[in-house]
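Engineer: Next comes the structure file final-v2.cif, holding mmCIF, C-alpha atoms.
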data_structure
#
loop_
_atom_site.label_atom_id
_atom_site.label_comp_id
_atom_site.auth_asym_id
_atom_site.auth_seq_id
_atom_site.Cartn_x
_atom_site.Cartn_y
_atom_site.Cartn_z
CA MET A 1 -47.82 23.87 63.03
CA LYS A 2 -45.57 23.93 59.98
CA ARG A 3 -44.18 20.52 59.05
CA ASN A 4 -40.79 19.90 57.47
CA VAL A 5 -40.86 18.95 53.82
CA LEU A 6 -38.71 15.93 54.62
CA PRO A 7 -39.72 14.01 57.75
CA GLY A 8 -36.79 13.53 60.10
CA LEU A 9 -34.76 16.27 58.40
CA SER A 10 -33.32 17.61 61.66
CA LEU A 11 -32.23 14.17 62.84
CA SER A 12 -30.78 13.25 59.45
CA LEU A 13 -28.94 16.55 59.21
CA GLY A 14 -27.55 16.15 62.71
CA VAL A 15 -26.31 12.61 62.04
CA THR A 16 -24.75 13.73 58.75
CA LEU A 17 -22.93 16.68 60.31
CA PHE A 18 -21.73 14.50 63.19
CA TYR A 19 -20.40 11.91 60.73
CA VAL A 20 -18.64 14.53 58.59
CA GLY A 21 -17.16 16.19 61.66
CA VAL A 22 -15.85 13.05 63.36
CA ILE A 23 -14.88 10.94 60.36
CA VAL A 24 -13.67 13.62 57.93
CA LEU A 25 -13.00 17.01 59.51
CA LEU A 26 -11.47 15.86 62.80
CA PRO A 27 -8.65 13.78 61.23
CA LEU A 28 -7.95 16.53 58.70
CA ALA A 29 -7.83 19.13 61.46
CA ALA A 30 -5.44 16.95 63.47
CA LEU A 31 -3.19 16.64 60.43
CA VAL A 32 -3.20 20.39 59.80
CA PHE A 33 -2.55 21.27 63.45
CA LYS A 34 0.31 18.78 63.66
CA ALA A 35 1.93 20.20 60.55
CA ALA A 36 1.30 23.76 61.78
CA SER A 37 3.22 23.02 64.98
CA LEU A 38 6.37 23.19 62.88
CA GLY A 39 8.02 26.52 62.22
CA PRO A 40 8.00 27.83 58.63
CA VAL A 41 11.68 27.06 58.10
CA GLU A 42 11.47 23.58 59.58
CA TYR A 43 8.30 22.82 57.62
CA TRP A 44 9.92 23.94 54.38
CA ASN A 45 13.07 21.91 55.04
CA ILE A 46 10.97 18.77 55.51
CA VAL A 47 8.65 19.15 52.52
CA SER A 48 11.45 20.29 50.20
CA SER A 49 14.01 17.66 51.14
CA PRO A 50 15.45 15.80 48.11
CA ARG A 51 13.81 12.52 49.10
CA ALA A 52 10.40 14.16 49.58
CA VAL A 53 10.64 16.03 46.26
CA ALA A 54 11.58 12.81 44.49
CA SER A 55 8.55 11.07 46.00
CA TYR A 56 6.30 13.94 44.83
CA ARG A 57 7.67 13.60 41.31
CA VAL A 58 7.13 9.84 41.19
CA THR A 59 3.64 10.09 42.70
CA VAL A 60 2.34 12.97 40.57
CA LEU A 61 3.77 11.78 37.25
CA CYS A 62 2.51 8.22 37.76
CA ALA A 63 -0.89 9.53 38.88
CA LEU A 64 -1.13 11.74 35.78
CA ALA A 65 -0.23 8.83 33.50
CA ALA A 66 -2.73 6.51 35.21
CA THR A 67 -5.47 9.16 35.04
CA CYS A 68 -4.87 9.83 31.34
CA PHE A 69 -5.13 6.10 30.64
CA ASN A 70 -8.28 5.84 32.74
CA VAL A 71 -9.96 8.73 30.93
CA VAL A 72 -9.53 7.02 27.55
CA PHE A 73 -10.11 3.41 28.63
CA GLY A 74 -12.80 4.30 31.18
CA LEU A 75 -14.77 6.32 28.64
CA ALA A 76 -14.54 3.47 26.14
CA LEU A 77 -15.62 0.94 28.77
CA ALA A 78 -18.55 3.09 29.88
CA TRP A 79 -19.58 3.47 26.24
CA VAL A 80 -19.52 -0.29 25.62
CA LEU A 81 -21.43 -1.07 28.82
CA THR A 82 -24.08 1.51 27.96
CA ARG A 83 -24.55 1.01 24.23
CA TYR A 84 -24.06 -2.74 23.77
CA ARG A 85 -25.35 -5.98 25.23
CA PHE A 86 -23.19 -9.09 24.87
CA PRO A 87 -22.71 -12.42 26.65
CA GLY A 88 -21.16 -11.69 30.03
CA TRP A 89 -22.28 -8.06 30.03
CA ARG A 90 -23.50 -8.19 33.62
CA PHE A 91 -20.26 -9.81 34.74
CA VAL A 92 -18.15 -7.08 33.11
CA ASP A 93 -20.41 -4.39 34.57
CA ALA A 94 -20.05 -5.90 38.05
CA ILE A 95 -16.30 -6.43 37.83
CA VAL A 96 -15.78 -2.71 37.22
CA ASP A 97 -16.48 -2.19 40.92
CA LEU A 98 -13.97 -4.86 41.98
CA PRO A 99 -11.28 -2.32 43.00
CA PHE A 100 -13.80 -0.79 45.42
CA ALA A 101 -14.50 -4.12 47.11
CA LEU A 102 -11.05 -5.70 46.91
CA PRO A 103 -8.55 -4.80 49.67
CA THR A 104 -5.85 -2.76 48.00
CA ALA A 105 -3.10 -4.90 49.52
CA VAL A 106 -4.63 -7.96 47.86
CA ALA A 107 -4.74 -6.07 44.57
CA GLY A 108 -1.08 -5.16 44.98
CA ILE A 109 -0.06 -8.77 45.61
CA ALA A 110 -2.11 -9.96 42.62
CA LEU A 111 -0.64 -7.34 40.29
CA THR A 112 2.88 -8.15 41.46
CA ALA A 113 2.32 -11.85 40.81
CA LEU A 114 1.01 -11.09 37.31
CA PHE A 115 3.68 -8.58 36.28
CA ALA A 116 6.75 -10.02 38.01
CA GLY A 117 9.47 -11.40 35.77
CA ASN A 118 8.04 -14.91 36.08
CA GLY A 119 4.37 -13.85 36.08
CA TRP A 120 1.81 -14.46 33.35
CA PHE A 121 2.11 -10.97 31.89
CA GLY A 122 5.56 -10.05 33.17
CA SER A 123 7.29 -13.00 31.51
CA VAL A 124 5.79 -12.08 28.13
CA LEU A 125 6.72 -8.41 28.50
CA ALA A 126 10.24 -9.37 29.60
CA MET A 127 10.77 -11.05 26.22
CA VAL A 128 10.51 -7.63 24.55
CA GLY A 129 12.59 -5.91 27.22
CA ILE A 130 9.78 -4.33 29.24
CA LYS A 131 10.00 -4.62 33.02
CA VAL A 132 6.88 -3.71 34.94
CA ALA A 133 7.22 -4.86 38.55
CA TYR A 134 9.43 -2.68 40.74
CA THR A 135 9.43 0.17 38.21
CA PRO A 136 7.29 3.31 37.74
CA ILE A 137 5.28 1.38 35.15
CA GLY A 138 4.09 -0.94 37.90
CA ILE A 139 3.06 2.06 39.99
CA MET A 140 1.02 3.42 37.07
CA ILE A 141 -0.73 0.07 36.57
CA ALA A 142 -1.61 -0.18 40.28
CA MET A 143 -2.94 3.40 40.28
CA ALA A 144 -4.96 2.81 37.11
CA PHE A 145 -6.46 -0.38 38.52
CA THR A 146 -7.65 1.19 41.77
CA SER A 147 -8.99 4.42 40.25
CA LEU A 148 -10.63 3.22 37.00
CA PRO A 149 -14.14 2.81 38.52
CA PHE A 150 -14.33 6.54 39.25
CA ILE A 151 -14.25 7.34 35.54
CA VAL A 152 -16.64 4.58 34.48
CA ARG A 153 -19.22 5.17 37.19
CA THR A 154 -19.37 8.95 36.67
CA VAL A 155 -19.67 8.77 32.87
CA GLN A 156 -21.97 5.73 32.59
CA PRO A 157 -25.13 7.31 34.11
CA VAL A 158 -24.79 10.38 31.89
CA LEU A 159 -24.48 8.19 28.80
CA GLU A 160 -27.55 6.24 29.83
CA ASP A 161 -29.60 9.44 30.23
CA LEU A 162 -28.61 11.00 26.88
CA ASP A 163 -31.58 11.69 24.65
CA PRO A 164 -31.29 9.53 21.48
CA ALA A 165 -33.11 12.27 19.59
CA LEU A 166 -29.94 14.41 19.70
CA GLU A 167 -27.92 11.79 17.85
CA GLU A 168 -30.76 11.06 15.44
CA ALA A 169 -31.03 14.75 14.60
CA ALA A 170 -27.28 14.96 13.98
CA GLN A 171 -27.43 11.88 11.74
CA SER A 172 -30.30 13.36 9.76
CA LEU A 173 -28.14 16.43 9.14
CA GLY A 174 -25.40 14.25 7.67
CA GLY A 175 -23.03 14.09 10.59
CA SER A 176 -20.54 11.24 10.71
CA ASP A 177 -20.17 9.05 13.77
CA TRP A 178 -17.01 10.91 14.81
CA GLU A 179 -18.60 14.32 14.30
CA ILE A 180 -21.65 13.29 16.35
CA PHE A 181 -19.45 12.05 19.17
CA ARG A 182 -17.17 15.09 19.14
CA LYS A 183 -19.76 17.84 18.69
CA VAL A 184 -22.87 16.39 20.33
CA ILE A 185 -22.00 13.69 22.86
CA LEU A 186 -18.60 14.75 24.17
CA PRO A 187 -19.68 18.26 25.30
CA LEU A 188 -22.51 16.69 27.31
CA LEU A 189 -20.10 14.21 28.89
CA THR A 190 -17.41 16.77 29.73
CA PRO A 191 -18.64 17.66 33.26
CA ALA A 192 -18.90 13.97 34.17
CA ILE A 193 -15.49 13.22 32.67
CA LEU A 194 -13.93 16.05 34.66
CA ALA A 195 -15.56 14.79 37.86
CA GLY A 196 -14.28 11.27 37.27
CA LEU A 197 -10.85 12.61 36.32
CA SER A 198 -10.48 14.56 39.54
CA LEU A 199 -11.61 11.64 41.69
CA SER A 200 -9.32 9.25 39.83
CA PHE A 201 -6.32 11.54 40.21
CA ALA A 202 -6.98 12.20 43.90
CA ARG A 203 -7.34 8.45 44.56
CA SER A 204 -4.07 7.78 42.74
CA LEU A 205 -2.25 10.40 44.79
CA GLY A 206 -3.24 8.76 48.05
CA GLU A 207 -3.07 5.09 47.02
CA PHE A 208 -0.84 2.97 49.23
CA GLY A 209 -1.68 -0.72 49.59
CA ALA A 210 -1.86 -1.61 45.90
CA ILE A 211 1.42 0.15 45.13
CA ILE A 212 3.93 -0.81 47.80
CA PHE A 213 4.05 -4.46 46.70
CA ILE A 214 4.68 -3.74 43.02
CA ALA A 215 6.74 -0.54 43.30
CA GLY A 216 9.96 -1.84 44.79
CA ASN A 217 9.98 1.24 47.06
CA GLN A 218 13.45 2.47 46.11
CA PRO A 219 14.08 6.04 47.38
CA PHE A 220 14.41 8.58 44.54
CA GLU A 221 13.17 5.99 42.01
CA THR A 222 9.96 4.16 42.96
CA GLU A 223 9.12 5.53 46.41
CA ILE A 224 5.70 7.19 46.55
CA THR A 225 4.79 9.96 48.97
CA SER A 226 2.30 7.84 50.92
CA LEU A 227 5.05 5.34 51.67
CA LEU A 228 7.39 8.10 52.81
CA VAL A 229 4.68 9.31 55.21
CA PHE A 230 4.36 5.76 56.53
CA ILE A 231 8.12 5.51 56.99
CA ARG A 232 8.19 8.75 59.00
CA LEU A 233 5.38 7.41 61.18
CA GLU A 234 7.34 4.23 61.84
CA GLU A 235 10.26 6.44 62.87
CA TYR A 236 7.90 8.24 65.29
CA ASP A 237 8.57 11.49 63.42
CA TYR A 238 4.92 12.53 63.48
CA GLN A 239 5.55 16.16 62.57
CA ALA A 240 7.48 15.23 59.44
CA ALA A 241 4.78 12.72 58.47
CA ALA A 242 2.09 15.36 58.92
CA ALA A 243 4.07 17.93 56.94
CA ILE A 244 4.59 15.61 53.97
CA ALA A 245 0.97 14.40 54.12
CA SER A 246 -0.23 18.01 54.09
CA VAL A 247 1.40 18.46 50.68
CA LEU A 248 -0.68 15.59 49.30
CA LEU A 249 -3.78 16.99 50.98
CA LEU A 250 -3.22 20.45 49.49
CA THR A 251 -2.57 18.98 46.03
CA ALA A 252 -5.79 16.96 46.14
CA PHE A 253 -7.80 20.01 47.26
CA LEU A 254 -6.32 22.17 44.51
CA MET A 255 -7.09 19.48 41.95
CA LEU A 256 -10.69 19.26 43.09
CA ALA A 257 -11.07 23.05 43.11
CA VAL A 258 -9.70 23.41 39.57
CA THR A 259 -11.89 20.55 38.36
CA ASN A 260 -15.02 22.09 39.90
CA LEU A 261 -14.20 25.36 38.13
CA LEU A 262 -13.74 23.58 34.80
CA GLN A 263 -16.97 21.64 35.37
CA ALA A 264 -18.89 24.86 35.95
CA ARG A 265 -17.49 26.40 32.78
CA ALA A 266 -18.21 23.26 30.75
CA LEU A 267 -21.77 23.18 32.07
CA ARG A 268 -22.35 26.85 31.18
CA TYR A 269 -20.94 26.22 27.69
CA THR A 270 -23.26 23.21 27.24
CA VAL A 271 -26.32 25.20 28.36
CA ARG A 272 -25.49 28.10 26.01
CA ASN A 273 -25.10 25.78 23.08
#
When written as C-alpha cells, how does the structure in this file appear?
Structural biologist:
Amino acid sequence: MKRNVLPGLSLSLGVTLFYVGVIVLLPLAALVFKAASLGPVEYWNIVSSPRAVASYRVTVLCALAATCFNVVFGLALAWVLTRYRFPGWRFVDAIVDLPFALPTAVAGIALTALFAGNGWFGSVLAMVGIKVAYTPIGIMIAMAFTSLPFIVRTVQPVLEDLDPALEEAAQSLGGSDWEIFRKVILPLLTPAILAGLSLSFARSLGEFGAIIFIAGNQPFETEITSLLVFIRLEEYDYQAAAAIASVLLLTAFLMLAVTNLLQARALRYTVRN
C-alpha cells in the first residue's frame, strides 16, 4: 500500500480547503452576489457618485503615499535590524509587529492623541503651521503605521539569507557601498520588496479602525471608502455598501495581480544575471 509523503495530508488539505471556503471565499462570494443584484446602470450610479469618487481619491492617494514611505523606511529598518546589533535591538525587532497585535481602534486613538493640536507631536508641528489630525496627513500616518510590518517582515528574511560572499566579491572588484547595494543587493531584494509593497498597499486600502479617529471623516475631504461602506450599512443600504466595497476588492486584486507579474519578471531577471 502506497503511503502519502506527508502523513495526514488528506485531513490537512480538507481542513485547509474548508477554512479557505468558509472564512475567505464565502464572504467574498456574498459580497459579489449582493453587488451583482444591482443592474448595470444602478451599480454604475452608486460607484461613480461624487461622494464615492472623492472617497476613492482620498483612499488611493493616501495609501500610495503611505506605501511609498513604508518602502523607504521599512527597507531601512529591515537593514538595520539585520546588519546591526545595538542595545534594545530585540525590543525594536519585537515592536515592529505591534500593529499586528494592537487593535486598530486603539492605534487610531493613540495617533489622534499624539497628533492632535494639543498632543505631543501635534503641538510641535502646529508651531510651524502643519496640521496632522483631521487631515489627509493623519490618514497617511495611520495607514503607514498599520502597514509598515508587511514591508519589514518580507524583506528581513531575504536580507538575512543573502550570501556575504556576493558583497565581498563586489568589494574586491572595487565597488563602492552604494554600487554594491544598487547592483548586487537591491536586485535580490526586489521580489520581496514588491511582495511587501502589495500587501502594504492592500492593507492601507482596507484600513478602517486606525483611520476614522484621526481622519475627521469629512465627506469629499477626509472620508475614506471603508467609512463610506460602513455608513451605507448603517443606513441599511446593503446593495450600495456591497457595490462600493466591490471597487476596493477589485482594486486590491488588480494590485496583487500586477505585483505578482512584476515579481515574476524581477525573479527571472535576477536568475539570468
Engineer: With 12 Å as the threshold, what does the neighbourhood of (-21.4, 6.6, 38.4) contain in terms of residues, counting all atoms listed in the file? Coordinates are those of the file; answer as a compact mmCIF listing (two decimals) with C-alpha atoms, in the frame of the given file.
Structural biologist:
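Wrote it out as selection-v9.txt, contents follow:
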# COMPACT_ATOMS: atom_id res chain seq x y z
CA GLY A 74 -12.80 4.30 31.18
CA LEU A 75 -14.77 6.32 28.64
CA ALA A 78 -18.55 3.09 29.88
CA THR A 82 -24.08 1.51 27.96
CA ASP A 93 -20.41 -4.39 34.57
CA VAL A 96 -15.78 -2.71 37.22
CA ASP A 97 -16.48 -2.19 40.92
CA LEU A 148 -10.63 3.22 37.00
CA PRO A 149 -14.14 2.81 38.52
CA PHE A 150 -14.33 6.54 39.25
CA ILE A 151 -14.25 7.34 35.54
CA VAL A 152 -16.64 4.58 34.48
CA ARG A 153 -19.22 5.17 37.19
CA THR A 154 -19.37 8.95 36.67
CA VAL A 155 -19.67 8.77 32.87
CA GLN A 156 -21.97 5.73 32.59
CA PRO A 157 -25.13 7.31 34.11
CA VAL A 158 -24.79 10.38 31.89
CA LEU A 159 -24.48 8.19 28.80
CA GLU A 160 -27.55 6.24 29.83
CA ASP A 161 -29.60 9.44 30.23
CA ALA A 192 -18.90 13.97 34.17
CA ILE A 193 -15.49 13.22 32.67
CA ALA A 195 -15.56 14.79 37.86
CA GLY A 196 -14.28 11.27 37.27
CA LEU A 199 -11.61 11.64 41.69
Engineer: In Å, how far is it from CA of Arg51 in chain A to CA of Phe220 in chain A?
Structural biologist: 6.1 Å
Engineer: So which residues are close to (6.9, -0.8, 36.5), meaning at most 10 Å away in the file's coordinates with all atoms listed in the file counted, and can you show them as number ranges by chain?
Structural biologist: A: 112, 115-116, 122, 130-142, 214-216, 222
Engineer: Would you save the residues of that selection, restricted to C-alpha atoms, as a PDB file, keeping the file's coordinate frame?
Structural biologist:
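Result file result20.pdb:
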ATOM      1  CA  THR A 112       2.880  -8.150  41.460  1.00  0.00           C
ATOM      2  CA  PHE A 115       3.680  -8.580  36.280  1.00  0.00           C
ATOM      3  CA  ALA A 116       6.750 -10.020  38.010  1.00  0.00           C
ATOM      4  CA  GLY A 122       5.560 -10.050  33.170  1.00  0.00           C
ATOM      5  CA  ILE A 130       9.780  -4.330  29.240  1.00  0.00           C
ATOM      6  CA  LYS A 131      10.000  -4.620  33.020  1.00  0.00           C
ATOM      7  CA  VAL A 132       6.880  -3.710  34.940  1.00  0.00           C
ATOM      8  CA  ALA A 133       7.220  -4.860  38.550  1.00  0.00           C
ATOM      9  CA  TYR A 134       9.430  -2.680  40.740  1.00  0.00           C
ATOM     10  CA  THR A 135       9.430   0.170  38.210  1.00  0.00           C
ATOM     11  CA  PRO A 136       7.290   3.310  37.740  1.00  0.00           C
ATOM     12  CA  ILE A 137       5.280   1.380  35.150  1.00  0.00           C
ATOM     13  CA  GLY A 138       4.090  -0.940  37.900  1.00  0.00           C
ATOM     14  CA  ILE A 139       3.060   2.060  39.990  1.00  0.00           C
ATOM     15  CA  MET A 140       1.020   3.420  37.070  1.00  0.00           C
ATOM     16  CA  ILE A 141      -0.730   0.070  36.570  1.00  0.00           C
ATOM     17  CA  ALA A 142      -1.610  -0.180  40.280  1.00  0.00           C
ATOM     18  CA  ILE A 214       4.680  -3.740  43.020  1.00  0.00           C
ATOM     19  CA  ALA A 215       6.740  -0.540  43.300  1.00  0.00           C
ATOM     20  CA  GLY A 216       9.960  -1.840  44.790  1.00  0.00           C
ATOM     21  CA  THR A 222       9.960   4.160  42.960  1.00  0.00           C
TER      22      THR A 222
END
Engineer: To test your reading of the syntax: which residues would the PyMOL selection byres ((chain A and resi 19-30) around 12) return for the file shown? Reply as a PyMOL selection string.
Structural biologist: chain A and resi 12-18+31-37+238-239+242-243+245-246+248-250+253
Engineer: Please, what distance in Å, to one decimal, runs between CA of Thr104 in chain A and CA of Gly119 in chain A?
Structural biologist: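 Atom-to-atom, CA of Thr104 in chain A and CA of Gly119 in chain A are spaced 19.2 Å apart.
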Engineer: What gap, in Å, lies between CA of Ala101 in chain A and CA of Pro191 in chain A?
Structural biologist: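 So the answer is 26.1 Å.
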Engineer: Check what the PyMOL selection byres ((chain A and resi 47) around 12) selects in the file above and give those residues as an NGL selection string.
Structural biologist: :A and (35 or 38 or 40-46 or 48-56 or 225 or 228-229 or 239-248)
Engineer: Which residues are near Leu197 in chain A? Cut-off 9 Å, all atoms listed in the file, ignore same chain within fewer than 6 positions. Put them as a VMD selection string.
Structural biologist: chain A and resid 67 to 68 70 to 71 150 to 151 259
